[in-house]
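Quick look at upload_15.txt (compact mmCIF, C-alpha atoms):
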```txt
# COMPACT_ATOMS: atom_id res chain seq x y z
CA MET A 1451 -19.41 -21.85 -41.35
CA THR A 1452 -21.76 -21.27 -38.42
CA MET A 1453 -22.12 -23.75 -35.59
CA ALA A 1454 -25.48 -25.09 -34.44
CA PRO A 1455 -26.76 -23.37 -31.25
CA GLY A 1456 -26.02 -26.38 -29.02
CA LEU A 1457 -22.49 -26.74 -30.30
CA ARG A 1458 -21.97 -22.99 -30.05
CA LYS A 1459 -22.93 -23.04 -26.36
CA PHE A 1460 -20.55 -25.93 -25.72
CA ALA A 1461 -17.71 -24.13 -27.52
CA LEU A 1462 -18.47 -20.94 -25.59
CA THR A 1463 -18.41 -22.85 -22.29
CA THR A 1464 -15.01 -24.37 -23.04
CA HIS A 1465 -13.65 -20.99 -24.15
CA VAL A 1466 -14.87 -19.15 -21.04
CA THR A 1467 -13.66 -21.95 -18.75
CA SER A 1468 -10.16 -22.07 -20.24
CA SER A 1469 -9.82 -18.29 -20.42
CA VAL A 1470 -11.00 -17.62 -16.87
CA GLY A 1471 -8.87 -20.56 -15.66
CA TRP A 1472 -5.85 -19.02 -17.39
CA LEU A 1473 -6.54 -15.69 -15.68
CA GLY A 1474 -6.81 -17.34 -12.26
CA ALA A 1475 -3.68 -19.42 -12.80
CA VAL A 1476 -1.67 -16.32 -13.78
CA ALA A 1477 -2.94 -14.54 -10.64
CA THR A 1478 -1.70 -17.52 -8.59
CA PHE A 1479 1.61 -17.42 -10.44
CA LEU A 1480 1.96 -13.71 -9.63
CA ALA A 1481 1.28 -14.37 -5.94
CA LEU A 1482 4.00 -17.05 -5.92
CA ALA A 1483 6.43 -14.78 -7.80
CA VAL A 1484 5.89 -12.00 -5.25
CA ALA A 1485 6.29 -14.47 -2.39
CA GLY A 1486 9.53 -15.76 -3.92
CA LEU A 1487 10.79 -12.24 -4.46
CA THR A 1488 9.99 -10.77 -1.07
CA SER A 1489 10.57 -13.72 1.23
CA HIS A 1490 13.78 -14.09 3.24
CA ASP A 1491 13.03 -17.68 4.13
CA ALA A 1492 14.89 -20.22 1.95
CA LEU A 1493 12.17 -22.85 2.23
CA THR A 1494 9.45 -20.39 1.18
CA MET A 1495 11.54 -19.30 -1.81
CA ARG A 1496 12.20 -22.88 -2.85
CA ALA A 1497 8.53 -23.80 -2.51
CA ALA A 1498 7.46 -20.72 -4.51
CA TYR A 1499 9.76 -21.32 -7.48
CA LEU A 1500 9.06 -25.06 -7.62
CA SER A 1501 5.30 -24.34 -7.51
CA MET A 1502 5.64 -21.68 -10.21
CA GLU A 1503 7.28 -24.14 -12.57
CA LEU A 1504 4.60 -26.77 -11.95
CA THR A 1505 1.78 -24.22 -12.29
CA GLY A 1506 3.29 -22.87 -15.50
CA ARG A 1507 3.89 -26.23 -17.12
CA PHE A 1508 0.75 -28.09 -16.10
CA VAL A 1509 -1.85 -25.33 -15.73
CA ILE A 1510 -0.95 -22.06 -17.44
CA VAL A 1511 0.46 -23.40 -20.73
CA PRO A 1512 -2.38 -25.94 -21.32
CA LEU A 1513 -5.05 -23.36 -20.43
CA CYS A 1514 -3.39 -20.74 -22.63
CA LEU A 1515 -3.34 -23.07 -25.63
CA ALA A 1516 -6.92 -24.21 -24.91
CA SER A 1517 -8.08 -20.59 -24.70
CA LEU A 1518 -6.42 -19.72 -28.00
CA LEU A 1519 -7.82 -22.79 -29.76
CA THR A 1520 -11.36 -22.45 -28.42
CA GLY A 1521 -11.29 -18.72 -29.20
CA LEU A 1522 -10.44 -19.50 -32.81
CA VAL A 1523 -13.28 -22.03 -32.95
CA GLN A 1524 -15.68 -19.49 -31.41
CA ALA A 1525 -14.71 -16.78 -33.88
CA LEU A 1526 -14.74 -18.96 -36.99
CA GLY A 1527 -17.89 -20.85 -36.01
CA THR A 1528 -20.07 -17.80 -35.31
CA PRO A 1529 -21.06 -14.70 -37.30
CA TRP A 1530 -18.47 -12.71 -35.30
CA GLY A 1531 -15.68 -14.00 -37.53
CA LEU A 1532 -11.97 -13.61 -36.83
CA PHE A 1533 -11.16 -10.41 -38.71
CA ARG A 1534 -14.53 -8.63 -38.95
CA HIS A 1535 -14.74 -6.84 -35.59
CA TYR A 1536 -11.92 -4.85 -34.01
CA TRP A 1537 -12.43 -6.29 -30.54
CA VAL A 1538 -12.12 -9.88 -31.80
CA LEU A 1539 -9.03 -9.02 -33.84
CA ILE A 1540 -7.39 -7.20 -30.91
CA LYS A 1541 -8.14 -10.14 -28.61
CA LEU A 1542 -6.59 -12.52 -31.12
CA VAL A 1543 -3.39 -10.44 -31.39
CA MET A 1544 -3.16 -10.08 -27.60
CA THR A 1545 -3.68 -13.82 -27.04
CA LEU A 1546 -1.11 -14.74 -29.68
CA LEU A 1547 1.49 -12.36 -28.20
CA ALA A 1548 0.75 -13.58 -24.65
CA THR A 1549 1.14 -17.20 -25.79
CA ILE A 1550 4.50 -16.49 -27.46
CA VAL A 1551 5.80 -14.54 -24.45
CA LEU A 1552 4.63 -17.30 -22.09
CA LEU A 1553 6.33 -20.06 -24.08
CA VAL A 1554 9.57 -18.03 -24.26
CA HIS A 1555 9.46 -17.40 -20.51
CA MET A 1556 9.00 -21.06 -19.59
CA ARG A 1557 12.79 -21.43 -19.86
CA PRO A 1558 13.74 -18.92 -17.12
CA ILE A 1559 10.88 -20.28 -14.99
CA ARG A 1560 12.34 -23.78 -15.33
CA LEU A 1561 15.82 -22.41 -14.63
CA MET A 1562 14.65 -20.79 -11.40
CA ALA A 1563 12.96 -24.03 -10.31
CA VAL A 1564 16.15 -26.03 -10.94
CA VAL A 1565 18.21 -23.50 -8.98
CA ALA A 1566 15.68 -23.53 -6.14
CA ALA A 1567 15.75 -27.33 -6.02
CA GLU A 1568 19.54 -27.67 -6.09
CA THR A 1569 20.71 -24.70 -4.03
CA THR A 1570 19.74 -22.77 -0.95
CA LEU A 1571 18.58 -19.39 -2.20
CA SER A 1572 19.12 -16.22 -0.26
CA ALA A 1573 17.30 -12.92 -0.72
CA GLY A 1574 19.88 -11.41 -3.10
CA ASP A 1575 20.34 -14.36 -5.47
CA PHE A 1576 19.04 -14.02 -9.03
CA GLY A 1577 17.46 -10.71 -8.11
CA ARG A 1578 17.02 -9.48 -11.69
CA LEU A 1579 15.48 -12.72 -12.91
CA ARG A 1580 13.10 -12.91 -9.94
CA VAL A 1581 11.95 -9.32 -10.47
CA GLN A 1582 11.47 -10.09 -14.16
CA LEU A 1583 9.28 -13.12 -13.41
CA ALA A 1584 7.04 -11.06 -11.12
CA ALA A 1585 6.82 -8.17 -13.60
CA ASP A 1586 6.02 -10.50 -16.50
CA ALA A 1587 3.27 -12.17 -14.46
CA ALA A 1588 1.77 -8.75 -13.65
CA ALA A 1589 1.91 -7.79 -17.34
CA ALA A 1590 0.24 -11.07 -18.32
CA LEU A 1591 -2.51 -10.48 -15.76
CA LEU A 1592 -3.13 -7.00 -17.21
CA VAL A 1593 -3.36 -8.42 -20.74
CA LEU A 1594 -5.85 -11.08 -19.64
CA LEU A 1595 -7.98 -8.55 -17.75
CA VAL A 1596 -8.13 -6.35 -20.86
CA ALA A 1597 -9.07 -9.38 -22.99
CA THR A 1598 -11.84 -10.29 -20.54
CA THR A 1599 -13.15 -6.72 -20.57
CA LEU A 1600 -13.20 -6.68 -24.38
CA SER A 1601 -15.14 -9.96 -24.39
CA VAL A 1602 -17.76 -8.62 -22.01
CA TYR A 1603 -18.23 -5.13 -23.48
CA LYS A 1604 -17.72 -6.08 -27.15
CA PRO A 1605 -17.11 -2.46 -28.23
CA ARG A 1606 -18.50 -1.57 -31.63
CA GLY A 1607 -16.30 -1.23 -34.66
CA VAL A 1608 -16.17 -3.22 -37.87
CA THR A 1609 -12.93 -3.64 -39.79
CA ARG A 1610 -12.62 -2.78 -43.48
CA TYR A 1611 -12.72 -6.54 -44.18
CA GLY A 1612 -15.87 -6.86 -42.08
CA ARG A 1613 -17.56 -4.04 -43.99
CA ARG A 1614 -16.67 -5.62 -47.32
CA ARG A 1615 -18.03 -8.99 -46.17
CA SER A 1616 -21.20 -7.35 -44.92
CA GLU A 1617 -21.75 -5.35 -48.12
CA GLY A 1618 -21.10 -8.41 -50.29
CA ARG A 1619 -23.73 -10.32 -48.35
CA THR A 1620 -26.41 -7.66 -48.66
CA ILE A 1621 -26.01 -6.86 -52.38
CA VAL A 1622 -29.22 -7.82 -54.13
CA PRO A 1623 -28.89 -8.32 -57.91
CA PRO A 1624 -31.28 -6.15 -59.94
CA MET B 18 -19.06 -14.10 -27.61
CA ALA B 19 -22.45 -15.11 -26.29
CA ALA B 20 -24.59 -12.61 -28.16
CA LEU B 21 -24.45 -12.47 -31.91
CA PRO B 22 -22.97 -9.39 -33.57
CA PRO B 23 -25.11 -6.41 -34.51
CA ASP B 24 -25.64 -5.86 -38.22
CA PRO B 25 -22.94 -3.35 -39.23
CA ASN B 26 -25.09 -2.20 -42.13
CA PRO B 27 -28.69 -2.42 -40.92
CA ASP B 28 -30.15 -0.63 -43.95
CA GLY B 29 -28.66 -3.21 -46.30
CA ASP B 30 -27.26 -0.40 -48.43
CA PRO B 31 -24.09 -1.60 -50.16
CA GLY B 32 -22.97 1.92 -50.97
CA ALA B 33 -23.40 3.30 -47.47
CA GLY B 34 -20.68 5.94 -47.72
CA PRO B 35 -16.89 5.85 -47.46
CA ASP B 36 -14.99 3.69 -44.99
CA PRO B 37 -15.06 5.62 -41.68
CA GLY B 38 -11.80 3.97 -40.54
CA PRO B 39 -11.16 2.52 -37.11
CA PRO B 40 -13.28 3.89 -34.25
CA ARG B 41 -11.70 6.21 -31.70
CA TRP B 42 -11.40 3.53 -29.02
CA VAL B 43 -9.29 1.38 -31.37
CA LYS B 44 -6.88 4.27 -32.02
CA GLY B 45 -6.54 5.04 -28.30
CA PHE B 46 -6.15 1.36 -27.48
CA GLY B 47 -3.45 1.02 -30.15
CA LEU B 48 -1.46 3.96 -28.78
CA VAL B 49 -1.59 2.68 -25.19
CA ALA B 50 -0.71 -0.86 -26.31
CA LEU B 51 2.24 0.41 -28.35
CA ALA B 52 3.53 2.42 -25.37
CA LEU B 53 3.25 -0.63 -23.09
CA VAL B 54 5.02 -2.90 -25.58
CA VAL B 55 7.87 -0.38 -25.90
CA LEU B 56 8.05 -0.13 -22.10
CA PHE B 57 8.14 -3.93 -21.82
CA LEU B 58 10.95 -4.20 -24.38
CA VAL B 59 12.97 -1.36 -22.81
CA ALA B 60 12.60 -2.91 -19.35
CA HIS B 61 13.85 -6.25 -20.66
CA LEU B 62 16.75 -4.77 -22.61
CA ALA B 63 17.75 -2.45 -19.75
CA GLY B 64 17.72 -5.49 -17.47
CA GLY B 65 20.50 -7.12 -19.47
CA GLY B 66 19.19 -7.84 -22.94
CA PHE B 67 16.89 -10.71 -22.03
CA ALA B 68 19.74 -12.09 -19.91
CA GLY B 69 17.24 -13.81 -17.68
CA HIS B 70 16.41 -16.15 -20.53
CA GLU B 71 19.91 -17.60 -20.53
CA PRO B 72 21.51 -19.74 -17.84
CA PRO B 73 23.38 -17.53 -15.36
CA ALA B 74 27.13 -17.30 -15.90
CA GLY B 75 28.49 -15.41 -12.92
CA PRO B 76 29.07 -17.13 -9.59
CA SER B 77 27.42 -14.17 -7.84
CA GLU B 78 24.15 -15.15 -9.46
CA HIS B 79 24.24 -18.64 -7.95
CA GLY B 80 22.75 -19.58 -4.65
CA THR B 81 24.62 -21.80 -2.22
CA HIS B 82 24.63 -25.44 -3.28
CA ARG B 83 22.84 -27.67 -0.87
CA PRO B 84 25.12 -30.21 0.85
```

What would the structure in this file look like if it were written as structure tokens?
Amino acid sequence: MTMAPGLRKFALTTHVTSSVGWLGAVATFLALAVAGLTSHDALTMRAAYLSMELTGRFVIVPLCLASLLTGLVQALGTPWGLFRHYWVLIKLVMTLLATIVLLVHMRPIRLMAVVAAETTLSAGDFGRLRVQLAADAAAALLVLLVATTLSVYKPRGVTRYGRRRSEGRTIVPP
Amino acid sequence: MAALPPDPNPDGDPGAGPDPGPPRWVKGFGLVALALVVLFLVAHLAGGGFAGHEPPAGPSEHGTHRP
């Protein structure tokens, strides 16, 4: 099923907006995680972890799901398809993994926000968890940068399924 | 996904040779991705087996409760 050109442009706009928004929100999250990790000021730490939880819940998760959904619409509604080109397939796998990892990590993010709200944090508290949040945010940013690069460069390479589909379409009966 | 995909078989020849397999960039990408995933898992497991995903148990992990 191929979308009409107008609808395709609209779908592309929503996909680019949600994906780039997701990237920007994760960069913000990383900045807050580094601030929370390196600061020695209790108020700064509390503000960072409370902001991270809000950013994660109300910005990153919705944008992540929107990016995944609009990406599926884009792939299925255009001749690119979902499984025909390696770069589309790789982007799909990366986005699915990033979504799962994000949803799993919302729990420790919420935990850190609760701790920050109820206690006065000092530099050594929850050190491992705070390092993990910053490292995960950096990894997520790397994944999203790679996905963006794949979308822009669209490196060549058709999967076996894509070749079969293409051959089936071009067979002319004698 | 702005531009439409190039025709993978521009000659329209259904028997255009054997499957060449994944391109080189896909193989390189796969190797790097696999290494990073392993690194990610090792870092998590070395850090306490995903302990950060559970509520902290030890009092040393807690901050000072606000009055």

Handout entry: Straight-line distance linking atom CA of A:Leu1594 with atom CA of A:Ala1454, stated in Å to one decimal
Key =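 Atom CA of A:Ala1454 lies 28.3 Å from atom CA of A:Leu1594.
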
Exercise for the section: Have a look at atom CA of B:Val59 and atom CA of A:Gly1577 and let me know their distance in Å, one decimal. Expected result: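 Rounded to one decimal, the two atoms are 18.0 Å apart.
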
Problem - Pick from A:His1555, A:Arg1580, A:Arg1560, A:His1535 nearest to A:Arg1613, counting all atoms listed in the file - result: A:His1535

Problem - d(atom CA of A:Leu1480, atom CA of A:Leu1583) in Å - result: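 Between atom CA of A:Leu1480 and atom CA of A:Leu1583 the gap works out to 8.3 Å.
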
Practice task
Could the residues of chain A within 7 Å of chain B, counting all atoms listed in the file, be given as a PyMOL selection string, please?
Solution key: chain A and resi 1529-1530+1557-1558+1568-1572+1575-1576+1579+1601+1607-1609+1617+1620-1621

Practice task
Point out the residue among A:Gly1618, A:Met1556, A:Met1453, A:Gly1471 with the least atom-to-atom distance to A:Leu1526, counting only C-alpha atoms.
Solution key: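 Ranking A:Gly1618, A:Met1556, A:Met1453, A:Gly1471 by distance to A:Leu1526, first place goes to A:Met1453.
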
Practice task
Write out as a PyMOL selection string the residues lying within 7 Å of stretch 1457-1469 of chain A, counting only C-alpha atoms and excluding same-chain residues fewer than 6 positions away.
Solution key: chain A and resi 1513+1516-1517+1520-1521+1524

Exercise for the section: Please provide the set of residues having any atom within 12 Å of A:Leu1553, restricted to only C-alpha atoms, with same-chain residues fewer than 2 positions apart removed, written as a list in words. Expected result: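 Everything that qualifies: Gly1506, Arg1507, Ile1510, Val1511, Pro1512, Cys1514, Leu1515, Leu1546, Leu1547, Ala1548, Thr1549, Ile1550, Val1551, His1555, Met1556, Arg1557, Pro1558, Ile1559 and Arg1560 of chain A; His70 of chain B.
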
Practice task
Rank nothing, just name the residue among A:Ala1492, A:Ala1585, A:Met1544, A:Leu1519 nearest to B:Leu56, using only C-alpha atoms.
Solution key: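 Using only C-alpha atoms, the shortest distance to B:Leu56 belongs to A:Ala1585.
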
So for stretch 1477-1482 of chain A, what box centre and size do we get, axis-aligned, 3 Å extra on each of the six sides, every listed atom, Å to one decimal, as AutoDock Vina command-line options?
```
--center_x 0.5 --center_y -15.6 --center_z -8.3 --size_x 12.9 --size_y 9.8 --size_z 10.7
```

Practice task
Go ahead and find all residues with at least one atom no further than 6 Å from (13.2, -18.6, -9.1) in the file's coordinates, using only C-alpha atoms; report them as an NGL selection string.
Solution key: :A and (1499 or 1562-1563 or 1580)
